[in-house]
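Dropping target.csv in here (CSV, C-alpha atoms):
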chain,number,residue,atom,x,y,z
C,1,MET,CA,24.3,38.4,-58.1
C,2,LEU,CA,23.7,38.4,-54.3
C,3,LYS,CA,27.1,40.1,-53.8
C,4,LEU,CA,26.2,42.7,-56.4
C,5,LEU,CA,22.9,43.5,-54.8
C,6,ARG,CA,24.4,43.8,-51.4
C,7,LYS,CA,27.1,46.2,-52.6
C,8,GLY,CA,24.7,48.3,-54.5
C,9,ALA,CA,22.3,48.6,-51.6
C,10,ILE,CA,25.0,49.8,-49.3
C,11,GLU,CA,26.3,52.4,-51.8
C,12,ASN,CA,23.0,53.5,-53.1
C,13,VAL,CA,19.7,53.1,-51.1
C,14,TRP,CA,17.7,53.2,-54.4
C,15,PHE,CA,19.6,50.3,-55.9
C,16,TYR,CA,17.3,47.5,-54.8
C,17,ARG,CA,14.2,49.5,-55.7
C,18,ILE,CA,15.5,49.8,-59.3
C,19,ILE,CA,16.1,46.0,-59.3
C,20,MET,CA,12.5,45.5,-58.2
C,21,ILE,CA,11.2,47.7,-60.9
C,22,VAL,CA,13.1,45.8,-63.6
C,23,ILE,CA,11.8,42.5,-62.2
C,24,SER,CA,8.3,43.8,-62.1
C,25,LEU,CA,8.4,44.7,-65.8
C,26,ALA,CA,9.6,41.2,-66.5
C,27,PHE,CA,6.5,39.8,-64.7
C,28,VAL,CA,4.1,41.8,-66.9
C,29,ILE,CA,5.7,40.2,-70.0
C,30,THR,CA,6.1,36.6,-69.0
C,31,MET,CA,3.8,36.0,-66.0
C,32,GLY,CA,2.2,32.6,-65.9
C,33,TRP,CA,4.9,30.5,-67.5
C,34,TRP,CA,6.5,29.4,-64.2
C,35,GLY,CA,5.5,27.7,-61.0
C,36,PHE,CA,3.3,24.8,-60.1
C,37,GLN,CA,2.8,22.5,-63.1
C,38,GLY,CA,-0.8,21.4,-62.3
C,39,SER,CA,-2.7,19.1,-64.6
C,40,SER,CA,-5.7,20.7,-66.4
C,41,ALA,CA,-7.6,17.5,-65.6
C,42,GLN,CA,-7.4,18.2,-61.9
C,43,PRO,CA,-10.0,20.6,-60.2
C,44,VAL,CA,-8.5,24.0,-59.8
C,45,VAL,CA,-9.2,26.1,-56.6
C,46,ALA,CA,-7.1,29.1,-57.5
C,47,ARG,CA,-5.0,30.7,-60.2
C,48,VAL,CA,-2.0,32.9,-59.9
C,49,GLY,CA,-1.7,34.5,-63.3
C,50,ASP,CA,-2.0,31.5,-65.6
C,51,VAL,CA,-0.7,29.0,-63.0
C,52,PRO,CA,-3.3,26.8,-61.4
C,53,ILE,CA,-3.4,25.7,-57.8
C,54,THR,CA,-5.2,22.3,-57.8
C,55,LEU,CA,-7.6,20.9,-55.3
C,56,GLU,CA,-5.0,18.3,-54.4
C,57,GLN,CA,-2.4,20.9,-53.6
C,58,TYR,CA,-4.9,22.8,-51.5
C,59,GLN,CA,-5.9,19.6,-49.6
C,60,GLN,CA,-2.3,18.7,-48.9
C,61,ALA,CA,-1.7,22.2,-47.5
C,62,TYR,CA,-4.8,22.2,-45.4
C,63,ASP,CA,-4.2,18.7,-44.0
C,64,GLY,CA,-0.7,19.7,-43.1
C,65,MET,CA,-1.9,22.8,-41.2
C,66,TYR,CA,-4.7,20.8,-39.6
C,67,LYS,CA,-2.3,18.2,-38.3
C,68,PHE,CA,0.2,20.9,-37.1
C,69,TYR,CA,-2.4,22.7,-35.0
C,70,ARG,CA,-4.0,19.4,-33.8
C,71,ASP,CA,-0.6,18.3,-32.4
C,72,LEU,CA,0.0,21.8,-31.0
C,73,PHE,CA,-3.2,22.2,-29.1
C,74,LYS,CA,-3.9,18.5,-28.4
C,75,GLU,CA,-7.1,18.1,-26.4
C,76,LYS,CA,-8.0,21.7,-26.8
C,77,PHE,CA,-8.2,21.3,-30.6
C,78,ASN,CA,-11.7,21.2,-31.9
C,79,GLU,CA,-13.8,22.5,-34.8
C,80,ASP,CA,-14.5,25.8,-33.2
C,81,LEU,CA,-10.8,26.4,-33.0
C,82,VAL,CA,-10.4,25.4,-36.7
C,83,LYS,CA,-13.0,28.1,-37.5
C,84,GLN,CA,-11.2,30.7,-35.4
C,85,LEU,CA,-7.9,29.9,-37.0
C,86,ASP,CA,-9.6,30.1,-40.4
C,87,LEU,CA,-7.5,27.3,-41.7
C,88,LYS,CA,-9.2,27.0,-45.1
C,89,LYS,CA,-8.4,30.6,-46.1
C,90,THR,CA,-5.0,30.5,-44.5
C,91,ALA,CA,-4.0,27.4,-46.4
C,92,ILE,CA,-5.1,28.8,-49.8
C,93,HIS,CA,-3.5,32.2,-49.1
C,94,ASN,CA,-0.3,30.5,-48.2
C,95,LEU,CA,-0.3,28.6,-51.5
C,96,VAL,CA,-1.0,31.8,-53.4
C,97,GLU,CA,1.8,33.6,-51.6
C,98,LYS,CA,4.2,30.7,-52.2
C,99,GLN,CA,3.4,30.8,-55.9
C,100,LEU,CA,4.1,34.5,-56.1
C,101,TRP,CA,7.5,34.0,-54.6
C,102,LEU,CA,8.1,31.1,-57.0
C,103,LEU,CA,7.4,33.4,-59.9
C,104,ALA,CA,9.9,35.9,-58.4
C,105,ALA,CA,12.5,33.1,-58.1
C,106,GLN,CA,12.1,32.1,-61.8
C,107,GLN,CA,12.2,35.7,-63.0
C,108,ILE,CA,15.4,36.6,-61.2
C,109,GLY,CA,17.1,33.3,-62.0
C,110,VAL,CA,17.1,31.7,-58.6
C,111,GLU,CA,17.7,28.0,-58.7
C,112,ILE,CA,18.2,25.2,-56.2
C,113,THR,CA,20.9,22.8,-57.2
C,114,ASP,CA,20.7,19.0,-56.5
C,115,GLN,CA,23.5,19.4,-54.1
C,116,GLU,CA,21.7,22.2,-52.1
C,117,LEU,CA,18.6,20.1,-52.0
C,118,SER,CA,20.5,17.0,-50.8
C,119,ASN,CA,22.4,18.9,-48.2
C,120,PHE,CA,19.1,20.2,-46.8
C,121,ILE,CA,17.4,16.8,-46.6
C,122,VAL,CA,20.3,14.9,-45.0
C,123,ARG,CA,20.4,17.6,-42.2
C,124,GLN,CA,16.8,17.0,-41.2
C,125,GLN,CA,16.7,15.1,-37.9
C,126,ALA,CA,13.4,13.3,-38.9
C,127,PHE,CA,15.4,11.4,-41.5
C,128,GLN,CA,18.3,10.5,-39.3
C,129,ARG,CA,19.2,7.4,-37.3
C,130,GLU,CA,22.0,7.7,-34.6
C,131,GLY,CA,22.8,11.2,-35.9
C,132,ARG,CA,23.2,10.2,-39.6
C,133,PHE,CA,20.9,10.3,-42.6
C,134,ASP,CA,19.2,7.0,-43.1
C,135,PRO,CA,17.6,6.4,-46.6
C,136,GLU,CA,15.3,3.8,-45.1
C,137,VAL,CA,14.1,6.2,-42.4
C,138,TYR,CA,13.7,8.8,-45.1
C,139,ARG,CA,11.4,6.6,-47.2
C,140,ARG,CA,9.4,5.4,-44.2
C,141,VAL,CA,8.7,9.0,-43.0
C,142,LEU,CA,7.6,10.0,-46.5
C,143,VAL,CA,5.2,7.0,-46.8
C,144,LEU,CA,3.7,7.9,-43.4
C,145,ASN,CA,3.0,11.4,-44.6
C,146,ARG,CA,1.7,10.2,-48.0
C,147,TYR,CA,4.6,11.6,-50.1
C,148,THR,CA,6.6,10.1,-52.8
C,149,PRO,CA,10.3,11.1,-52.9
C,150,GLU,CA,9.7,13.0,-56.2
C,151,VAL,CA,6.8,15.1,-54.8
C,152,PHE,CA,8.5,15.7,-51.5
C,153,GLU,CA,11.8,16.8,-53.1
C,154,ARG,CA,10.0,19.1,-55.6
C,155,LEU,CA,8.2,20.8,-52.7
C,156,GLN,CA,11.4,21.2,-50.7
C,157,ARG,CA,13.1,22.6,-53.8
C,158,ASP,CA,10.3,25.1,-54.1
C,159,ASP,CA,10.6,26.1,-50.4
C,160,LEU,CA,14.3,26.5,-50.7
C,161,ALA,CA,13.9,28.7,-53.8
C,162,VAL,CA,11.4,30.9,-51.9
C,163,GLU,CA,13.8,31.3,-49.0
C,164,LYS,CA,16.7,32.1,-51.3
C,165,VAL,CA,14.6,34.9,-53.0
C,166,LYS,CA,13.7,36.4,-49.6
C,167,ALA,CA,17.4,36.2,-48.5
C,168,LEU,CA,18.4,38.0,-51.7
C,169,LEU,CA,15.9,40.8,-51.0
C,170,LYS,CA,17.0,41.0,-47.3
C,171,ALA,CA,20.6,41.3,-48.4
C,172,SER,CA,19.8,44.4,-50.3
C,173,VAL,CA,18.7,46.2,-47.1
C,174,THR,CA,21.0,48.3,-44.9
C,175,VAL,CA,20.7,50.8,-42.1
C,176,THR,CA,21.6,54.2,-43.3
C,177,ASP,CA,23.6,56.7,-41.3
C,178,ILE,CA,20.6,58.9,-40.8
C,179,GLU,CA,18.5,56.0,-39.6
C,180,LEU,CA,21.3,55.1,-37.2
C,181,GLN,CA,21.5,58.6,-35.8
C,182,GLU,CA,17.7,58.7,-35.3
C,183,LEU,CA,17.8,55.4,-33.5
C,184,GLN,CA,20.6,56.6,-31.2
C,185,ALA,CA,18.6,59.7,-30.4
C,186,GLN,CA,15.7,57.8,-29.0
C,187,PRO,CA,15.3,58.0,-25.2
C,188,ASN,CA,15.3,54.2,-24.8
C,189,PHE,CA,18.5,53.7,-26.8
C,190,PRO,CA,21.1,52.2,-24.4
C,191,PRO,CA,24.4,54.1,-23.7
C,192,ALA,CA,27.5,53.5,-25.7
C,193,THR,CA,28.9,51.6,-22.8
C,194,ALA,CA,26.4,48.8,-23.5
C,195,PRO,CA,27.5,47.4,-26.9
C,196,PRO,CA,25.4,44.2,-26.8
C,197,ALA,CA,22.2,46.2,-26.2
C,198,ASN,CA,23.2,48.7,-28.9
C,199,GLN,CA,23.7,45.8,-31.3
C,200,GLU,CA,20.3,44.4,-30.4
C,201,HIS,CA,18.5,47.7,-31.2
C,202,LEU,CA,20.4,48.0,-34.4
C,203,GLN,CA,19.5,44.4,-35.4
C,204,GLY,CA,15.9,45.1,-34.6
C,205,LEU,CA,15.8,48.1,-36.9
C,206,LEU,CA,17.4,46.0,-39.7
C,207,LEU,CA,14.9,43.2,-39.3
C,208,ARG,CA,12.0,45.6,-39.4
C,209,LYS,CA,13.4,47.1,-42.6
C,210,GLN,CA,13.9,43.7,-44.2
C,211,GLN,CA,10.3,42.7,-43.3
C,212,MET,CA,9.0,45.9,-44.8
C,213,VAL,CA,10.9,45.2,-48.0
C,214,LEU,CA,9.5,41.7,-48.2
C,215,GLU,CA,5.9,42.8,-47.6
C,216,THR,CA,6.2,45.7,-50.1
C,217,TYR,CA,7.6,43.4,-52.8
C,218,LEU,CA,4.9,40.8,-52.2
C,219,ASN,CA,2.2,43.4,-52.4
C,220,SER,CA,3.6,44.7,-55.6
C,221,LEU,CA,3.4,41.1,-57.0
C,222,ARG,CA,-0.2,40.9,-55.9
C,223,ALA,CA,-1.0,44.1,-57.6
C,224,GLN,CA,0.6,43.0,-60.9
C,225,ILE,CA,-0.5,39.4,-61.2
C,226,PRO,CA,-4.2,38.4,-61.4
C,227,ILE,CA,-5.2,36.1,-58.6
C,228,SER,CA,-8.5,34.2,-58.5
C,229,ILE,CA,-9.7,31.9,-55.8
C,230,ASP,CA,-12.8,29.7,-56.0
C,231,GLU,CA,-14.1,30.1,-52.4
C,232,LYS,CA,-16.8,27.5,-53.0
C,233,MET,CA,-14.2,24.8,-53.4
C,234,LEU,CA,-12.4,25.5,-50.1
Take the structure from the file and write it as structure tokens.
Amino acid sequence: MLKLLRKGAIENVWFYRIIMIVISLAFVITMGWWGFQGSSAQPVVARVGDVPITLEQYQQAYDGMYKFYRDLFKEKFNEDLVKQLDLKKTAIHNLVEKQLWLLAAQQIGVEITDQELSNFIVRQQAFQREGRFDPEVYRRVLVLNRYTPEVFERLQRDDLAVEKVKALLKASVTVTDIELQELQAQPNFPPATAPPANQEHLQGLLLRKQQMVLETYLNSLRAQIPISIDEKML
């Protein structure tokens, strides 16, 4: 499917837009069947369609961000900085965004195989000893971070699915001949005798287009799928 999208995007700039429209129609029909499988007995802080985001999921996301910025800023980290970073809203918005991408993954049939998940985990240095994956180190790190293997692996599988969807959309983007000509006509574009600089400018244009596609697609999901957040629970 990825090869088909890439080929279509190169031959027809409208190709990936048509794909997005088809996917969007599928969302209207089936939204809410996929994503986090939260228990109805748990407090719910937000909903994406019919899919709940529980208080436990929010607290895990918030705690992870809190620890990250605490380790990053060290002695400069304080509650005033927490307020400036607006960690509470950032945490819930990140969860909502992730759920939207998971809905996209389910709708277009993106799946992460057990082998893909295993390959990702064994490559993480945090789980290695002397350059090789160590199951005991793996279990110890998860315990220290209050994760069971089942929960951690489900979260990693979700993250990999999100990245695969984004990669699929990025692969549908190409720089057209007209865009290339406009880029080359800019005063700051390096001369033809500087190919590395030319390639850098071209790559920059491609990255900007890819980011625009991701943002546009995500905004279209937000417009289609009801999202509710209980601010009082944050």
Just the number, please: distance in Å from CA of Lys98 in chain C to CA of Ala161 in chain C, one decimal. 10.0 Å
Pick out the residues sitting within 12 Å of range 137-141 of chain C, and hand them over as a ChimeraX atom specification; count all atoms listed in the file, and ignore anything fewer than 5 positions along from it in its own chain. /C:121-132,146-150,152-153
So, with all atoms listed in the file as the atoms that count, which of C:Gly109, C:Pro190, C:Ala91, C:Gln99 lies closest to Ile225 in chain C?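 Checking each of C:Gly109, C:Pro190, C:Ala91, C:Gln99 against Ile225 in chain C, counting all atoms listed in the file, the winner is C:Gln99.
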Residues near range 82-89 of chain C, anyone? I mean within 8 Å using all atoms listed in the file, not counting same-chain ones fewer than 5 positions away, as number ranges by chain. C: 62, 65-66, 77, 234
Computed interatomic separation between CA of Leu221 in chain C and CA of Gln107 in chain C (Å): 11.9 Å
